[in-house]
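For reference, my_file-v8.cif (mmCIF, C-alpha atoms):
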data_final
#
loop_
_atom_site.group_PDB
_atom_site.id
_atom_site.type_symbol
_atom_site.label_atom_id
_atom_site.label_comp_id
_atom_site.auth_asym_id
_atom_site.auth_seq_id
_atom_site.Cartn_x
_atom_site.Cartn_y
_atom_site.Cartn_z
ATOM 1 C CA MET D 145 14.201 -16.419 6.542
ATOM 2 C CA SER D 146 16.819 -13.659 6.380
ATOM 3 C CA THR D 147 15.107 -10.923 4.345
ATOM 4 C CA ALA D 148 11.553 -9.641 4.162
ATOM 5 C CA ASN D 149 11.810 -9.741 0.388
ATOM 6 C CA GLN D 150 10.955 -13.435 0.663
ATOM 7 C CA LEU D 151 7.583 -12.421 2.098
ATOM 8 C CA ARG D 152 6.624 -10.286 -0.894
ATOM 9 C CA SER D 153 3.263 -10.971 -2.522
ATOM 10 C CA GLY D 154 4.597 -10.421 -6.022
ATOM 11 C CA LYS D 155 2.647 -7.192 -6.438
ATOM 12 C CA THR D 156 4.647 -4.369 -8.044
ATOM 13 C CA HIS D 157 4.155 -0.692 -8.823
ATOM 14 C CA ARG D 158 2.560 -1.729 -12.131
ATOM 15 C CA ASP D 159 -0.334 -3.357 -10.243
ATOM 16 C CA GLU D 160 -1.468 -0.241 -8.383
ATOM 17 C CA ASN D 161 -4.597 1.862 -9.030
ATOM 18 C CA PHE D 162 -2.380 4.861 -9.693
ATOM 19 C CA PRO D 163 0.911 5.486 -11.529
ATOM 20 C CA VAL D 164 4.110 5.075 -9.500
ATOM 21 C CA ALA D 165 7.190 6.918 -10.820
ATOM 22 C CA SER D 166 5.708 6.865 -14.322
ATOM 23 C CA TRP D 167 7.386 8.368 -17.363
ATOM 24 C CA ILE D 168 5.673 11.660 -16.496
ATOM 25 C CA ILE D 169 7.880 12.128 -13.430
ATOM 26 C CA HIS D 170 11.349 13.562 -14.067
ATOM 27 C CA PRO D 171 13.975 10.773 -14.227
ATOM 28 C CA ARG D 172 16.022 12.349 -11.419
ATOM 29 C CA HIS D 173 13.241 11.513 -8.953
ATOM 30 C CA ARG D 174 12.360 7.977 -10.042
ATOM 31 C CA ALA D 175 15.054 6.037 -8.155
ATOM 32 C CA LEU D 176 14.082 7.645 -4.835
ATOM 33 C CA ILE D 177 10.352 7.160 -5.463
ATOM 34 C CA LEU D 178 10.844 3.496 -6.383
ATOM 35 C CA ALA D 179 13.022 2.963 -3.295
ATOM 36 C CA PHE D 180 10.199 4.405 -1.175
ATOM 37 C CA TYR D 181 7.621 2.281 -2.989
ATOM 38 C CA ASN D 182 9.613 -0.945 -2.560
ATOM 39 C CA PHE D 183 10.051 -0.242 1.149
ATOM 40 C CA VAL D 184 6.337 0.450 1.602
ATOM 41 C CA ARG D 185 5.223 -2.422 -0.627
ATOM 42 C CA THR D 186 7.348 -4.941 1.274
ATOM 43 C CA ALA D 187 6.161 -3.660 4.657
ATOM 44 C CA ASP D 188 2.560 -3.830 3.425
ATOM 45 C CA ASP D 189 3.057 -7.431 2.306
ATOM 46 C CA ILE D 190 4.452 -8.274 5.752
ATOM 47 C CA ALA D 191 1.350 -6.835 7.443
ATOM 48 C CA ASP D 192 -0.934 -8.746 5.059
ATOM 49 C CA HIS D 193 0.936 -12.054 5.113
ATOM 50 C CA ALA D 194 -1.504 -14.877 5.801
ATOM 51 C CA GLU D 195 1.026 -17.184 7.497
ATOM 52 C CA LEU D 196 2.794 -14.759 9.816
ATOM 53 C CA SER D 197 1.648 -14.304 13.399
ATOM 54 C CA GLU D 198 0.917 -10.853 14.787
ATOM 55 C CA LYS D 199 4.137 -11.055 16.825
ATOM 56 C CA ASP D 200 6.225 -11.938 13.762
ATOM 57 C CA LYS D 201 4.668 -9.162 11.685
ATOM 58 C CA LEU D 202 5.477 -6.579 14.327
ATOM 59 C CA ALA D 203 9.033 -7.911 14.658
ATOM 60 C CA TRP D 204 9.612 -7.583 10.913
ATOM 61 C CA LEU D 205 8.154 -4.067 10.856
ATOM 62 C CA ASP D 206 10.329 -3.050 13.811
ATOM 63 C CA LEU D 207 13.366 -4.412 11.991
ATOM 64 C CA PHE D 208 12.459 -2.399 8.910
ATOM 65 C CA GLU D 209 12.209 0.771 10.967
ATOM 66 C CA SER D 210 15.472 0.204 12.826
ATOM 67 C CA GLU D 211 17.405 -0.445 9.602
ATOM 68 C CA LEU D 212 15.810 2.571 7.918
ATOM 69 C CA LEU D 213 17.215 4.564 10.834
ATOM 70 C CA GLY D 214 20.691 3.103 10.305
ATOM 71 C CA GLN D 215 20.708 0.243 12.806
ATOM 72 C CA GLY D 216 21.664 -2.652 10.550
ATOM 73 C CA ASN D 217 22.013 -3.600 6.912
ATOM 74 C CA SER D 218 20.187 -6.905 6.482
ATOM 75 C CA GLN D 219 17.051 -5.630 4.692
ATOM 76 C CA PRO D 220 17.750 -4.276 1.193
ATOM 77 C CA GLU D 221 14.508 -2.284 0.964
ATOM 78 C CA ALA D 222 15.285 -0.388 4.171
ATOM 79 C CA VAL D 223 18.943 0.143 3.303
ATOM 80 C CA ASN D 224 18.160 1.309 -0.245
ATOM 81 C CA LEU D 225 15.611 3.838 0.969
ATOM 82 C CA ARG D 226 17.922 5.029 3.747
ATOM 83 C CA ASN D 227 20.704 5.653 1.236
ATOM 84 C CA ALA D 228 18.394 7.277 -1.320
ATOM 85 C CA LEU D 229 16.998 9.653 1.303
ATOM 86 C CA ALA D 230 20.500 10.492 2.546
ATOM 87 C CA GLN D 231 21.566 11.468 -0.975
ATOM 88 C CA ARG D 232 18.799 14.079 -0.982
ATOM 89 C CA SER D 233 19.223 15.069 2.697
ATOM 90 C CA MET D 234 15.617 14.041 3.352
ATOM 91 C CA PRO D 235 14.399 12.643 6.702
ATOM 92 C CA PRO D 236 12.632 9.252 6.847
ATOM 93 C CA ARG D 237 9.532 10.603 8.622
ATOM 94 C CA HIS D 238 7.011 9.704 5.918
ATOM 95 C CA ALA D 239 8.223 6.110 5.736
ATOM 96 C CA ILE D 240 8.131 5.886 9.538
ATOM 97 C CA ASP D 241 4.525 7.117 9.494
ATOM 98 C CA VAL D 242 3.508 4.468 6.956
ATOM 99 C CA LEU D 243 4.940 1.757 9.207
ATOM 100 C CA LYS D 244 2.468 2.896 11.894
ATOM 101 C CA ALA D 245 -0.384 1.997 9.550
ATOM 102 C CA PHE D 246 1.048 -1.448 8.902
ATOM 103 C CA ARG D 247 1.353 -2.053 12.637
ATOM 104 C CA MET D 248 -2.345 -1.201 12.824
ATOM 105 C CA ASP D 249 -3.003 -3.741 10.051
ATOM 106 C CA ALA D 250 -1.114 -6.379 12.025
ATOM 107 C CA THR D 251 -3.122 -5.801 15.202
ATOM 108 C CA LYS D 252 -6.507 -4.316 14.234
ATOM 109 C CA LEU D 253 -9.263 -6.091 12.315
ATOM 110 C CA CYS D 254 -12.079 -3.529 12.294
ATOM 111 C CA TYR D 255 -12.888 0.184 12.586
ATOM 112 C CA GLU D 256 -15.791 1.716 14.479
ATOM 113 C CA THR D 257 -16.366 5.003 12.635
ATOM 114 C CA TRP D 258 -15.502 6.935 9.482
ATOM 115 C CA ASP D 259 -13.153 9.084 11.576
ATOM 116 C CA ASP D 260 -11.305 5.931 12.643
ATOM 117 C CA VAL D 261 -10.803 4.999 8.993
ATOM 118 C CA ILE D 262 -9.544 8.519 8.230
ATOM 119 C CA ASP D 263 -7.116 8.182 11.144
ATOM 120 C CA TYR D 264 -5.808 4.988 9.534
ATOM 121 C CA CYS D 265 -5.431 6.873 6.231
ATOM 122 C CA ARG D 266 -3.457 9.527 8.109
ATOM 123 C CA TYR D 267 -0.668 6.959 8.335
ATOM 124 C CA SER D 268 -1.330 4.588 5.429
ATOM 125 C CA ALA D 269 -1.935 7.081 2.618
ATOM 126 C CA MET D 270 -1.335 10.716 3.505
ATOM 127 C CA PRO D 271 2.425 10.280 4.117
ATOM 128 C CA VAL D 272 2.801 8.924 0.584
ATOM 129 C CA GLY D 273 1.436 12.100 -0.957
ATOM 130 C CA ARG D 274 3.475 14.269 1.393
ATOM 131 C CA PHE D 275 6.596 12.320 0.456
ATOM 132 C CA MET D 276 5.981 12.941 -3.253
ATOM 133 C CA LEU D 277 5.492 16.645 -2.612
ATOM 134 C CA ASP D 278 8.685 16.823 -0.556
ATOM 135 C CA VAL D 279 10.655 15.019 -3.257
ATOM 136 C CA HIS D 280 9.617 17.746 -5.693
ATOM 137 C CA GLY D 281 10.285 20.603 -3.276
ATOM 138 C CA GLU D 282 6.626 21.642 -3.045
ATOM 139 C CA SER D 283 5.228 23.823 -0.262
ATOM 140 C CA GLN D 284 3.540 22.247 2.747
ATOM 141 C CA SER D 285 0.519 24.382 1.841
ATOM 142 C CA THR D 286 -0.264 21.622 -0.683
ATOM 143 C CA TRP D 287 -0.580 18.997 2.045
ATOM 144 C CA ALA D 288 -4.274 19.584 2.832
ATOM 145 C CA ALA D 289 -5.441 18.815 -0.708
ATOM 146 C CA SER D 290 -2.937 15.979 -0.974
ATOM 147 C CA ASP D 291 -4.174 14.420 2.257
ATOM 148 C CA ALA D 292 -7.756 14.439 0.983
ATOM 149 C CA LEU D 293 -6.816 12.911 -2.377
ATOM 150 C CA CYS D 294 -4.653 10.220 -0.787
ATOM 151 C CA ALA D 295 -7.338 9.309 1.754
ATOM 152 C CA GLY D 296 -9.830 9.044 -1.083
ATOM 153 C CA LEU D 297 -7.501 6.749 -3.013
ATOM 154 C CA GLN D 298 -7.032 4.554 0.053
ATOM 155 C CA ILE D 299 -10.763 4.234 0.745
ATOM 156 C CA ASN D 300 -11.430 3.521 -2.930
ATOM 157 C CA ASN D 301 -9.066 0.599 -2.508
ATOM 158 C CA HIS D 302 -10.787 -0.510 0.702
ATOM 159 C CA LEU D 303 -14.140 -0.569 -1.063
ATOM 160 C CA GLN D 304 -12.787 -2.368 -4.119
ATOM 161 C CA ASP D 305 -11.136 -5.060 -1.996
ATOM 162 C CA CYS D 306 -13.643 -5.269 0.857
ATOM 163 C CA ALA D 307 -14.598 -8.892 0.126
ATOM 164 C CA LYS D 308 -11.005 -10.024 -0.389
ATOM 165 C CA ASP D 309 -9.837 -8.333 2.820
ATOM 166 C CA TYR D 310 -12.600 -10.060 4.771
ATOM 167 C CA ARG D 311 -12.128 -13.507 3.248
ATOM 168 C CA ASN D 312 -8.325 -13.576 3.251
ATOM 169 C CA LEU D 313 -7.437 -11.487 6.313
ATOM 170 C CA ASN D 314 -10.656 -11.259 8.352
ATOM 171 C CA ARG D 315 -10.068 -7.503 8.140
ATOM 172 C CA VAL D 316 -12.897 -4.999 7.651
ATOM 173 C CA TYR D 317 -12.256 -1.344 6.829
ATOM 174 C CA LEU D 318 -15.966 -0.540 6.456
ATOM 175 C CA PRO D 319 -16.890 1.347 9.645
ATOM 176 C CA ARG D 320 -19.122 -0.619 11.993
ATOM 177 C CA ASP D 321 -21.476 2.303 12.490
ATOM 178 C CA ALA D 322 -21.950 2.662 8.716
ATOM 179 C CA LEU D 323 -22.737 -1.043 8.407
ATOM 180 C CA ALA D 324 -25.201 -0.832 11.291
ATOM 181 C CA ALA D 325 -26.896 2.270 9.851
ATOM 182 C CA SER D 326 -27.697 0.305 6.680
ATOM 183 C CA GLY D 327 -28.745 -2.823 8.547
ATOM 184 C CA ALA D 328 -25.689 -4.682 7.246
ATOM 185 C CA SER D 329 -22.983 -6.731 8.942
ATOM 186 C CA ALA D 330 -19.367 -7.586 8.243
ATOM 187 C CA GLU D 331 -20.290 -11.240 7.702
ATOM 188 C CA MET D 332 -22.182 -10.232 4.553
ATOM 189 C CA LEU D 333 -18.788 -9.569 2.923
ATOM 190 C CA GLY D 334 -18.335 -13.317 2.678
ATOM 191 C CA GLY D 335 -21.131 -13.669 0.123
ATOM 192 C CA ASP D 336 -20.805 -13.919 -3.637
ATOM 193 C CA LYS D 337 -23.071 -10.890 -4.022
ATOM 194 C CA ALA D 338 -23.817 -7.942 -1.754
ATOM 195 C CA THR D 339 -27.175 -7.931 -0.018
ATOM 196 C CA PRO D 340 -29.309 -4.804 -0.525
ATOM 197 C CA ALA D 341 -28.327 -3.584 2.956
ATOM 198 C CA LEU D 342 -24.595 -4.081 2.315
ATOM 199 C CA LEU D 343 -24.866 -2.483 -1.121
ATOM 200 C CA GLN D 344 -26.549 0.548 0.428
ATOM 201 C CA CYS D 345 -23.652 0.857 2.869
ATOM 202 C CA LEU D 346 -21.014 0.484 0.166
ATOM 203 C CA HIS D 347 -22.646 3.094 -2.065
ATOM 204 C CA ALA D 348 -22.999 5.522 0.841
ATOM 205 C CA LEU D 349 -19.313 5.123 1.684
ATOM 206 C CA ALA D 350 -18.407 5.664 -1.975
ATOM 207 C CA ALA D 351 -20.351 8.943 -1.893
ATOM 208 C CA ARG D 352 -18.383 10.060 1.167
ATOM 209 C CA THR D 353 -15.177 9.081 -0.618
ATOM 210 C CA GLU D 354 -16.203 11.134 -3.648
ATOM 211 C CA ALA D 355 -16.511 14.147 -1.362
ATOM 212 C CA LEU D 356 -12.962 13.516 -0.132
ATOM 213 C CA LEU D 357 -11.685 13.333 -3.702
ATOM 214 C CA ASN D 358 -13.404 16.627 -4.454
ATOM 215 C CA GLU D 359 -11.511 18.186 -1.527
ATOM 216 C CA GLY D 360 -8.291 17.018 -3.171
ATOM 217 C CA ARG D 361 -9.192 18.347 -6.618
ATOM 218 C CA PRO D 362 -7.250 21.665 -6.254
ATOM 219 C CA LEU D 363 -3.965 19.784 -5.716
ATOM 220 C CA ALA D 364 -2.762 19.625 -9.319
ATOM 221 C CA ALA D 365 -3.221 23.391 -9.666
ATOM 222 C CA GLU D 366 -1.368 24.056 -6.400
ATOM 223 C CA ILE D 367 1.739 22.133 -7.501
ATOM 224 C CA GLY D 368 4.537 24.106 -9.108
ATOM 225 C CA ASP D 369 6.373 21.198 -10.754
ATOM 226 C CA ILE D 370 4.589 20.651 -14.063
ATOM 227 C CA ARG D 371 5.450 16.940 -14.295
ATOM 228 C CA LEU D 372 4.137 16.207 -10.825
ATOM 229 C CA GLY D 373 1.070 18.326 -11.559
ATOM 230 C CA LEU D 374 0.347 16.204 -14.627
ATOM 231 C CA GLU D 375 0.856 12.989 -12.650
ATOM 232 C CA VAL D 376 -1.579 14.175 -9.982
ATOM 233 C CA ALA D 377 -4.118 15.136 -12.647
ATOM 234 C CA VAL D 378 -3.936 11.579 -14.020
ATOM 235 C CA ILE D 379 -4.294 10.090 -10.528
ATOM 236 C CA GLN D 380 -7.316 12.303 -9.874
ATOM 237 C CA MET D 381 -8.868 11.156 -13.147
ATOM 238 C CA PHE D 382 -8.377 7.482 -12.202
ATOM 239 C CA ALA D 383 -9.772 8.016 -8.716
ATOM 240 C CA ASP D 384 -12.826 9.891 -9.978
ATOM 241 C CA ARG D 385 -13.698 7.117 -12.405
ATOM 242 C CA ILE D 386 -13.209 4.353 -9.841
ATOM 243 C CA VAL D 387 -15.406 6.072 -7.253
ATOM 244 C CA ALA D 388 -18.077 6.585 -9.912
ATOM 245 C CA LEU D 389 -18.082 2.810 -10.453
ATOM 246 C CA LEU D 390 -18.166 2.140 -6.712
ATOM 247 C CA LYS D 391 -21.266 4.326 -6.363
ATOM 248 C CA VAL D 392 -23.289 2.063 -8.660
ATOM 249 C CA ARG D 393 -21.637 -1.376 -8.699
ATOM 250 C CA ASP D 394 -21.326 -4.304 -6.327
ATOM 251 C CA PRO D 395 -17.619 -4.947 -5.628
ATOM 252 C CA LEU D 396 -18.451 -8.450 -4.410
ATOM 253 C CA SER D 397 -19.757 -9.552 -7.797
ATOM 254 C CA GLU D 398 -18.767 -6.895 -10.361
ATOM 255 C CA THR D 399 -15.517 -5.465 -11.690
ATOM 256 C CA VAL D 400 -14.652 -2.064 -10.256
ATOM 257 C CA HIS D 401 -11.124 -1.793 -11.642
ATOM 258 C CA LEU D 402 -10.074 0.115 -14.744
ATOM 259 C CA LYS D 403 -8.906 -1.868 -17.759
ATOM 260 C CA PRO D 404 -5.612 -1.083 -19.540
ATOM 261 C CA LEU D 405 -7.251 0.823 -22.389
ATOM 262 C CA GLN D 406 -9.302 2.819 -19.906
ATOM 263 C CA LEU D 407 -6.167 3.655 -17.945
ATOM 264 C CA LEU D 408 -4.525 4.894 -21.135
ATOM 265 C CA GLY D 409 -7.559 6.949 -22.129
ATOM 266 C CA TYR D 410 -7.936 8.576 -18.721
ATOM 267 C CA SER D 411 -4.188 9.250 -18.617
ATOM 268 C CA VAL D 412 -4.368 11.152 -21.897
ATOM 269 C CA ALA D 413 -7.472 13.004 -20.720
ATOM 270 C CA GLY D 414 -5.901 13.972 -17.398
ATOM 271 C CA ILE D 415 -2.707 15.231 -19.035
ATOM 272 C CA THR D 416 -4.632 17.172 -21.684
ATOM 273 C CA VAL D 417 -6.931 18.885 -19.188
ATOM 274 C CA GLU D 418 -4.067 19.863 -16.892
ATOM 275 C CA MET D 419 -1.900 21.134 -19.775
ATOM 276 C CA LEU D 420 -4.784 23.284 -21.027
ATOM 277 C CA ARG D 421 -5.426 24.624 -17.547
ATOM 278 C CA ARG D 422 -1.777 25.565 -17.064
ATOM 279 C CA SER D 423 -1.619 27.111 -20.537
ATOM 280 C CA VAL D 424 -4.602 29.352 -19.805
ATOM 281 C CA ARG D 425 -3.255 30.294 -16.389
ATOM 282 C CA ARG D 426 0.117 31.369 -17.771
ATOM 283 C CA ARG D 427 -1.183 33.188 -20.848
ATOM 284 C CA PRO D 428 -0.290 36.909 -20.555
ATOM 285 C CA MET D 429 -3.174 39.355 -20.280
ATOM 286 C CA SER D 430 -3.721 41.447 -23.412
ATOM 287 C CA THR D 431 -2.920 45.152 -23.113
ATOM 288 C CA PRO D 432 -6.096 47.262 -23.115
ATOM 289 C CA ALA D 433 -6.496 49.540 -26.107
ATOM 290 C CA ALA D 434 -5.790 53.227 -25.525
ATOM 291 C CA GLY D 435 -8.760 54.995 -23.981
ATOM 292 C CA ALA D 436 -10.520 51.745 -23.064
#
Show how you would write the structure in this file as structure tokens.
Amino acid sequence: MSTANQLRSGKTHRDENFPVASWIIHPRHRALILAFYNFVRTADDIADHAELSEKDKLAWLDLFESELLGQGNSQPEAVNLRNALAQRSMPPRHAIDVLKAFRMDATKLCYETWDDVIDYCRYSAMPVGRFMLDVHGESQSTWAASDALCAGLQINNHLQDCAKDYRNLNRVYLPRDALAASGASAEMLGGDKATPALLQCLHALAARTEALLNEGRPLAAEIGDIRLGLEVAVIQMFADRIVALLKVRDPLSETVHLKPLQLLGYSVAGITVEMLRRSVRRRPMSTPAAGA
């Protein structure tokens, strides 16, 4: 096998829980964003590949990093991102950080505490938001809210896919201490339906995730680029609805994904709310009447 592209799962940016380089984003940014996505998506598929050994996964990820840094040209995803970043004089640091998370996926099957999961998100999710902000020339002061939103998105995904991750990869992102506190165990993820103890754990983790998403709520308002602000508002709307489902549903036996019509409706709602907010913020103050 000569290229990692042959290891792809078939998942594309259209299959994500959030828009990737959607029509909202200015066209001048889309090629770079898609190059970043394809690099990350391929590396993620390597880390999740059911037939690759841990050693082979790490070798592929090391190859991706070395070619991203200019040491070779055999992997199109790495070369394309390297060239796209060079055109904008941007460093590859966010992509390098994401590779750290995938190395964790290749070698680590469980997490002890919530803080351990957040540490994973520090590499798996937060660099993605920071990359988007850098692409649009936003201030690093936006990173705190972005980090919270991205971590929330990542944990939403962990909760949605908890049974699939356990069955297919023997990987558990639910913290061991949270499972123990509810009287649950990782083995319960193999069932067709969550036990009351597991459901209690899942709903408690969803509540903690909702708090994270609330920390990220100021992000859209902090962003100067109106298109990116609208995109973030849509992402926040999706994330809020998904976590609301996770707080009451059983992801082992019930659907916790948004349907196409729901995605469209929440997109329109997110754009409308953010446009109204920006309109009010920019409206000039009326001049007080004389003598008032």
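Using all atoms listed in the file, the nearest neighbour of Gly360 in chain D within the list D:Glu375, D:Pro220, D:Cys294, D:Lys252 is D:Cys294.
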(request) For range 299-307 of chain D, work out the shell of residues within 7 Å, counting all atoms listed in the file and skipping chain neighbours fewer than 3 positions away, then give it as an MDAnalysis selection string. (result) chainID D and resid 295:296 310:311 316:317 333:334 353 387 395:396 400
If you keep C-alpha atoms, can you produce a file of those selected residues as a PDB file, in the coordinates of the input?
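Resulting contents of again-v7.pdb:
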ATOM      1  CA  ALA D 295      -7.338   9.309   1.754  1.00  0.00           C
ATOM      2  CA  GLY D 296      -9.830   9.044  -1.083  1.00  0.00           C
ATOM      3  CA  TYR D 310     -12.600 -10.060   4.771  1.00  0.00           C
ATOM      4  CA  ARG D 311     -12.128 -13.507   3.248  1.00  0.00           C
ATOM      5  CA  VAL D 316     -12.897  -4.999   7.651  1.00  0.00           C
ATOM      6  CA  TYR D 317     -12.256  -1.344   6.829  1.00  0.00           C
ATOM      7  CA  LEU D 333     -18.788  -9.569   2.923  1.00  0.00           C
ATOM      8  CA  GLY D 334     -18.335 -13.317   2.678  1.00  0.00           C
ATOM      9  CA  THR D 353     -15.177   9.081  -0.618  1.00  0.00           C
ATOM     10  CA  VAL D 387     -15.406   6.072  -7.253  1.00  0.00           C
ATOM     11  CA  PRO D 395     -17.619  -4.947  -5.628  1.00  0.00           C
ATOM     12  CA  LEU D 396     -18.451  -8.450  -4.410  1.00  0.00           C
ATOM     13  CA  VAL D 400     -14.652  -2.064 -10.256  1.00  0.00           C
TER      14      VAL D 400
END
(request) Identify all residues satisfying the PyMOL selection byres ((chain D and resi 285-291) around 12) in the given file; provide them as a ChimeraX atom specification. (result) /D:262-263,265-278,280-284,292-298,356-368,373,376-377,379-380
(message) On this structure, the PyMOL selection byres ((chain D and resi 187) around 8) would catch which residues? List them as number ranges by chain, sorted by chain and number.
(response) D: 183-186, 188-191, 205, 208, 243, 246
(message) Once the PyMOL selection byres ((chain D and resi 326) around 10) has been evaluated on this model, what residues remain selected, and can you format them as a PyMOL selection string?
(response) chain D and resi 321-325+327-329+340-346+348
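Between CA of Leu176 in chain D and CA of Met234 in chain D there is a distance of 10.5 Å.
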(message) Please compute the CA of Thr251 in chain D-CA of Leu313 in chain D distance, one decimal, in Å.
(response) 11.4 Å
Would you mind completing range 201-208 of chain D so that it carries all heavy atoms, and writing it out as a PDB file, keeping the file's coordinate frame?
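Heads up, here's the output in result_28.pdb:
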ATOM      1  N   LYS D 201       4.871 -10.342  12.532  1.00  0.00           N
ATOM      2  CA  LYS D 201       4.668  -9.162  11.685  1.00  0.00           C
ATOM      3  C   LYS D 201       5.256  -7.924  12.342  1.00  0.00           C
ATOM      4  O   LYS D 201       5.975  -7.138  11.702  1.00  0.00           O
ATOM      5  CB  LYS D 201       3.174  -8.958  11.414  1.00  0.00           C
ATOM      6  CG  LYS D 201       2.546  -9.987  10.500  1.00  0.00           C
ATOM      7  CD  LYS D 201       1.054  -9.744  10.340  1.00  0.00           C
ATOM      8  CE  LYS D 201       0.417 -10.789   9.430  1.00  0.00           C
ATOM      9  NZ  LYS D 201      -1.044 -10.559   9.240  1.00  0.00           N
ATOM     10  N   LEU D 202       4.965  -7.746  13.616  1.00  0.00           N
ATOM     11  CA  LEU D 202       5.477  -6.579  14.327  1.00  0.00           C
ATOM     12  C   LEU D 202       6.999  -6.608  14.428  1.00  0.00           C
ATOM     13  O   LEU D 202       7.657  -5.559  14.325  1.00  0.00           O
ATOM     14  CB  LEU D 202       4.859  -6.508  15.721  1.00  0.00           C
ATOM     15  CG  LEU D 202       3.343  -6.239  15.761  1.00  0.00           C
ATOM     16  CD1 LEU D 202       2.825  -6.323  17.193  1.00  0.00           C
ATOM     17  CD2 LEU D 202       3.016  -4.878  15.151  1.00  0.00           C
ATOM     18  N   ALA D 203       7.570  -7.796  14.586  1.00  0.00           N
ATOM     19  CA  ALA D 203       9.033  -7.911  14.658  1.00  0.00           C
ATOM     20  C   ALA D 203       9.673  -7.506  13.328  1.00  0.00           C
ATOM     21  O   ALA D 203      10.691  -6.796  13.311  1.00  0.00           O
ATOM     22  CB  ALA D 203       9.422  -9.344  15.020  1.00  0.00           C
ATOM     23  N   TRP D 204       9.083  -7.954  12.226  1.00  0.00           N
ATOM     24  CA  TRP D 204       9.612  -7.583  10.913  1.00  0.00           C
ATOM     25  C   TRP D 204       9.489  -6.071  10.698  1.00  0.00           C
ATOM     26  O   TRP D 204      10.425  -5.425  10.191  1.00  0.00           O
ATOM     27  CB  TRP D 204       8.870  -8.328   9.811  1.00  0.00           C
ATOM     28  CG  TRP D 204       9.374  -9.708   9.526  1.00  0.00           C
ATOM     29  CD1 TRP D 204       8.753 -10.888   9.810  1.00  0.00           C
ATOM     30  CD2 TRP D 204      10.608 -10.053   8.877  1.00  0.00           C
ATOM     31  NE1 TRP D 204       9.516 -11.946   9.393  1.00  0.00           N
ATOM     32  CE2 TRP D 204      10.668 -11.462   8.811  1.00  0.00           C
ATOM     33  CE3 TRP D 204      11.669  -9.323   8.355  1.00  0.00           C
ATOM     34  CZ2 TRP D 204      11.731 -12.141   8.244  1.00  0.00           C
ATOM     35  CZ3 TRP D 204      12.738  -9.998   7.790  1.00  0.00           C
ATOM     36  CH2 TRP D 204      12.769 -11.394   7.736  1.00  0.00           C
ATOM     37  N   LEU D 205       8.355  -5.502  11.051  1.00  0.00           N
ATOM     38  CA  LEU D 205       8.154  -4.067  10.856  1.00  0.00           C
ATOM     39  C   LEU D 205       9.110  -3.252  11.735  1.00  0.00           C
ATOM     40  O   LEU D 205       9.637  -2.222  11.297  1.00  0.00           O
ATOM     41  CB  LEU D 205       6.703  -3.701  11.153  1.00  0.00           C
ATOM     42  CG  LEU D 205       5.673  -4.294  10.170  1.00  0.00           C
ATOM     43  CD1 LEU D 205       4.250  -4.047  10.670  1.00  0.00           C
ATOM     44  CD2 LEU D 205       5.855  -3.729   8.763  1.00  0.00           C
ATOM     45  N   ASP D 206       9.352  -3.719  12.940  1.00  0.00           N
ATOM     46  CA  ASP D 206      10.329  -3.050  13.811  1.00  0.00           C
ATOM     47  C   ASP D 206      11.732  -3.123  13.213  1.00  0.00           C
ATOM     48  O   ASP D 206      12.506  -2.155  13.285  1.00  0.00           O
ATOM     49  CB  ASP D 206      10.325  -3.691  15.204  1.00  0.00           C
ATOM     50  CG  ASP D 206       9.086  -3.352  16.008  1.00  0.00           C
ATOM     51  OD1 ASP D 206       8.348  -2.424  15.610  1.00  0.00           O
ATOM     52  OD2 ASP D 206       8.846  -4.018  17.040  1.00  0.00           O
ATOM     53  N   LEU D 207      12.055  -4.261  12.629  1.00  0.00           N
ATOM     54  CA  LEU D 207      13.366  -4.412  11.991  1.00  0.00           C
ATOM     55  C   LEU D 207      13.500  -3.452  10.818  1.00  0.00           C
ATOM     56  O   LEU D 207      14.549  -2.817  10.630  1.00  0.00           O
ATOM     57  CB  LEU D 207      13.548  -5.858  11.516  1.00  0.00           C
ATOM     58  CG  LEU D 207      14.847  -6.152  10.760  1.00  0.00           C
ATOM     59  CD1 LEU D 207      16.070  -5.903  11.648  1.00  0.00           C
ATOM     60  CD2 LEU D 207      14.853  -7.601  10.250  1.00  0.00           C
ATOM     61  N   PHE D 208      12.435  -3.333  10.037  1.00  0.00           N
ATOM     62  CA  PHE D 208      12.459  -2.399   8.910  1.00  0.00           C
ATOM     63  C   PHE D 208      12.714  -0.974   9.394  1.00  0.00           C
ATOM     64  O   PHE D 208      13.504  -0.238   8.789  1.00  0.00           O
ATOM     65  CB  PHE D 208      11.120  -2.484   8.158  1.00  0.00           C
ATOM     66  CG  PHE D 208      11.206  -3.192   6.834  1.00  0.00           C
ATOM     67  CD1 PHE D 208      11.902  -4.381   6.719  1.00  0.00           C
ATOM     68  CD2 PHE D 208      10.600  -2.668   5.702  1.00  0.00           C
ATOM     69  CE1 PHE D 208      11.999  -5.032   5.507  1.00  0.00           C
ATOM     70  CE2 PHE D 208      10.690  -3.315   4.483  1.00  0.00           C
ATOM     71  CZ  PHE D 208      11.384  -4.495   4.381  1.00  0.00           C
TER      72      PHE D 208
END
